[in-house]
Amino acid sequence: METFPLFDVEAAPISPLVVEEPAAEAPQPLFEVAVRGLPGPQGSKSHVGGGRMIESSAKVKPWREAIVWTAVAARQKIRGFTKLTGPLRADMVFCFDRPKGHMGTGRNAGLVRPSAPIRPDVTPDLSKLARSTEDALTNAGVYQDDALIVEYGVLGKWYTTDHGVVPGVLDGPGCTIRLWRVKCPGVDG
């Protein structure tokens with residue numbers, strides 16, 4: 001029976017000197033802000049008579065106000081800022097406190113129970129959170145219309161216990177928002 005080697009024993013040795021290209025600087029977002037407060041979903045509206053409709057979620061109004069105040073303040077710090085135009089990518093990292101039932105007791109106080117969910121898989125819906133946040137950014141004058149958002153990079157819900165472990169997760173309830181220019185293949189390089 002003939003045997004075959006599993007590797008090429010006569011291959012050229014690998015050079016111990018490896019020259020790496022310098023890492024290119026990561027592109028900076030066009031706009032970045034951390035909004036503090038309890039994220040509120042933009043849900044359905046209820047008809048209350050007389051042709052009036054009201055938002056079904058009581059949390060959406062304070063959430064949108066928090067975004068507008070924070071975004072306007074951030075926008076004013078950027079010298080010569082004009083409303084963003086063209087296709088944009090949005091990153092939105094929504095942060096929520098863990099319920100007390102997710103945490104251990106006694107000597108395990110401060111530790112997350114192994115049975116606790118890794119991520120917030122309960123209401124509010126992620127799509128409704130994104131909708132309220134996008135509309136508030138329009139009201140804050142960050143961009144002309146939320147229709148400019150053509151894709152999401154990072155979009156998700158996390159617990160604040162992931163602060164320092166997952167990029168963008170805050171140490172309290174809120175959201176980290178980043179807006180990026182979408183590059184056109186073959187045009188923008």
# chains A, B, ... in the order shown; residues from 1 in each chain; ligands from 1

$ residues_around --residues "Trp158 (chain A)" --least-positions-apart "4" --cutoff "10 Å" --atoms "only C-alpha atoms" --output "ChimeraX atom specification"
/A:93-98,118-121,162-163,166,168-170,173,175

$ atom_distance --atom1 "CA of Pro87 (chain A)" --atom2 "CA of Lys61 (chain A)"
27.1 Å

$ residues_around --residues "Pro114 (chain A)" --least-positions-apart "3" --cutoff "9 Å" --atoms "only C-alpha atoms" --output "ChimeraX atom specification"
/A:102,111,117

$ residues_around --residues "Val68 (chain A)" --least-positions-apart "4" --cutoff "8 Å" --atoms "only C-alpha atoms" --output "PyMOL selection string"
chain A and resi 64+72+136-137+139-140

$ residues_around --residues "Gln28 (chain A)" --least-positions-apart "5" --cutoff "10 Å" --atoms "only C-alpha atoms" --output "ChimeraX atom specification"
/A:178-181

$ select_by_dssp --residues "region 99-151 of chain A" --states "helix (DSSP H, G or I)" --output "list in words"
Lys100, Gly101, His102, Gly106, Arg107, Asn108, Leu126, Ser127, Lys128, Leu129, Ala130, Arg131, Ser132, Thr133, Glu134, Asp135, Ala136, Leu137, Thr138, Asn139, Asp146, Ala147 and Leu148 of chain A

$ write_last_selection --atoms "N, CA and C atoms" --output "JSON list (two decimals), in the first residue's frame"
[["chain", "number", "residue", "atom", "x", "y", "z"],
["A", 100, "LYS", "N", -35.37, 43.27, 37.00],
["A", 100, "LYS", "CA", -34.73, 42.76, 38.22],
["A", 100, "LYS", "C", -34.74, 41.24, 38.26],
["A", 101, "GLY", "N", -35.77, 40.62, 37.66],
["A", 101, "GLY", "CA", -35.85, 39.17, 37.65],
["A", 101, "GLY", "C", -34.75, 38.49, 36.85],
["A", 102, "HIS", "N", -34.01, 39.25, 36.03],
["A", 102, "HIS", "CA", -32.90, 38.68, 35.25],
["A", 102, "HIS", "C", -31.62, 38.60, 36.08],
["A", 106, "GLY", "N", -28.42, 37.55, 46.54],
["A", 106, "GLY", "CA", -27.42, 37.09, 47.51],
["A", 106, "GLY", "C", -26.01, 37.28, 46.99],
["A", 107, "ARG", "N", -25.22, 36.24, 47.05],
["A", 107, "ARG", "CA", -23.83, 36.37, 46.59],
["A", 107, "ARG", "C", -23.74, 36.53, 45.07],
["A", 108, "ASN", "N", -24.83, 36.26, 44.36],
["A", 108, "ASN", "CA", -24.86, 36.43, 42.90],
["A", 108, "ASN", "C", -25.50, 37.76, 42.48],
["A", 126, "LEU", "N", -38.71, 46.33, 17.38],
["A", 126, "LEU", "CA", -37.55, 47.04, 16.85],
["A", 126, "LEU", "C", -37.92, 47.96, 15.69],
["A", 127, "SER", "N", -38.78, 47.50, 14.80],
["A", 127, "SER", "CA", -39.15, 48.32, 13.64],
["A", 127, "SER", "C", -39.89, 49.59, 14.08],
["A", 128, "LYS", "N", -40.70, 49.49, 15.14],
["A", 128, "LYS", "CA", -41.42, 50.67, 15.63],
["A", 128, "LYS", "C", -40.48, 51.64, 16.34],
["A", 129, "LEU", "N", -39.45, 51.12, 16.99],
["A", 129, "LEU", "CA", -38.44, 51.98, 17.59],
["A", 129, "LEU", "C", -37.68, 52.75, 16.52],
["A", 130, "ALA", "N", -37.31, 52.05, 15.46],
["A", 130, "ALA", "CA", -36.58, 52.71, 14.36],
["A", 130, "ALA", "C", -37.45, 53.79, 13.72],
["A", 131, "ARG", "N", -38.73, 53.50, 13.56],
["A", 131, "ARG", "CA", -39.63, 54.47, 12.93],
["A", 131, "ARG", "C", -39.73, 55.75, 13.75],
["A", 132, "SER", "N", -39.92, 55.65, 15.05],
["A", 132, "SER", "CA", -40.03, 56.85, 15.88],
["A", 132, "SER", "C", -38.72, 57.63, 15.89],
["A", 133, "THR", "N", -37.60, 56.92, 15.89],
["A", 133, "THR", "CA", -36.29, 57.56, 15.91],
["A", 133, "THR", "C", -36.02, 58.28, 14.60],
["A", 134, "GLU", "N", -36.33, 57.63, 13.48],
["A", 134, "GLU", "CA", -36.12, 58.26, 12.16],
["A", 134, "GLU", "C", -36.96, 59.53, 12.03],
["A", 135, "ASP", "N", -38.22, 59.48, 12.43],
["A", 135, "ASP", "CA", -39.08, 60.65, 12.34],
["A", 135, "ASP", "C", -38.57, 61.80, 13.21],
["A", 136, "ALA", "N", -38.07, 61.48, 14.39],
["A", 136, "ALA", "CA", -37.54, 62.52, 15.29],
["A", 136, "ALA", "C", -36.29, 63.17, 14.68],
["A", 137, "LEU", "N", -35.46, 62.40, 14.00],
["A", 137, "LEU", "CA", -34.28, 62.97, 13.35],
["A", 137, "LEU", "C", -34.67, 63.92, 12.22],
["A", 138, "THR", "N", -35.78, 63.62, 11.54],
["A", 138, "THR", "CA", -36.31, 64.53, 10.53],
["A", 138, "THR", "C", -36.73, 65.83, 11.20],
["A", 139, "ASN", "N", -37.48, 65.74, 12.30],
["A", 139, "ASN", "CA", -37.94, 66.93, 13.03],
["A", 139, "ASN", "C", -36.77, 67.75, 13.58],
["A", 146, "ASP", "N", -36.72, 60.94, 6.32],
["A", 146, "ASP", "CA", -36.19, 59.62, 6.69],
["A", 146, "ASP", "C", -36.18, 58.64, 5.52],
["A", 147, "ALA", "N", -36.77, 59.02, 4.39],
["A", 147, "ALA", "CA", -36.70, 58.18, 3.19],
["A", 147, "ALA", "C", -35.27, 58.09, 2.67],
["A", 148, "LEU", "N", -34.38, 58.99, 3.12],
["A", 148, "LEU", "CA", -32.97, 58.94, 2.70],
["A", 148, "LEU", "C", -32.25, 57.73, 3.28]]

$ residues_around --residues "region 76-81 of chain A" --least-positions-apart "3" --cutoff "10 Å" --atoms "only C-alpha atoms" --output "number ranges by chain"
A: 30-31, 71-73, 84, 142

$ write_last_selection --atoms "N, CA, C and O atoms" --output "short mmCIF file (atom, residue, chain, number, x, y, z; two decimals), in the first residue's frame"
data_model
loop_
_atom_site.label_atom_id
_atom_site.label_comp_id
_atom_site.auth_asym_id
_atom_site.auth_seq_id
_atom_site.Cartn_x
_atom_site.Cartn_y
_atom_site.Cartn_z
N LEU A 30 -21.23 60.59 9.42
CA LEU A 30 -21.59 61.98 9.13
C LEU A 30 -22.22 62.64 10.35
O LEU A 30 -22.08 63.83 10.57
N PHE A 31 -22.93 61.82 11.13
CA PHE A 31 -23.63 62.33 12.31
C PHE A 31 -23.67 61.21 13.34
O PHE A 31 -23.93 60.06 13.00
N ALA A 71 -30.29 65.75 19.31
CA ALA A 71 -29.80 65.87 17.94
C ALA A 71 -29.58 67.32 17.54
O ALA A 71 -28.59 67.63 16.87
N VAL A 72 -30.48 68.21 17.95
CA VAL A 72 -30.31 69.63 17.63
C VAL A 72 -29.04 70.15 18.31
O VAL A 72 -28.24 70.87 17.69
N ALA A 73 -28.82 69.79 19.57
CA ALA A 73 -27.61 70.23 20.28
C ALA A 73 -26.35 69.69 19.59
O ALA A 73 -25.37 70.43 19.42
N LEU A 84 -28.45 66.57 6.01
CA LEU A 84 -27.85 65.52 5.20
C LEU A 84 -28.73 65.21 4.00
O LEU A 84 -29.96 65.23 4.10
N VAL A 142 -31.83 66.90 11.01
CA VAL A 142 -30.60 66.17 10.70
C VAL A 142 -30.57 65.82 9.21
O VAL A 142 -29.55 65.93 8.56
#

$ closest_residue --among "A:Thr176, A:Thr160, A:Thr70, A:Thr123" --to "Ala34 (chain A)" --atoms "only C-alpha atoms"
A:Thr176

$ select_by_dssp --residues "region 73-141 of chain A" --states "strand (DSSP E or B)" --output "ChimeraX atom specification"
/A:84,88-96,103-104,109,112

$ atom_distance --atom1 "CA of Gln144 (chain A)" --atom2 "CA of Ala58 (chain A)"
26.1 Å

$ atom_distance --atom1 "CA of Gln42 (chain A)" --atom2 "CA of Lys59 (chain A)"
8.6 Å

$ residues_around --residues "Val154 (chain A)" --least-positions-apart "2" --cutoff "10 Å" --atoms "only C-alpha atoms" --output "PyMOL selection string"
chain A and resi 89-93+151-152+156-157+167-168+177-178
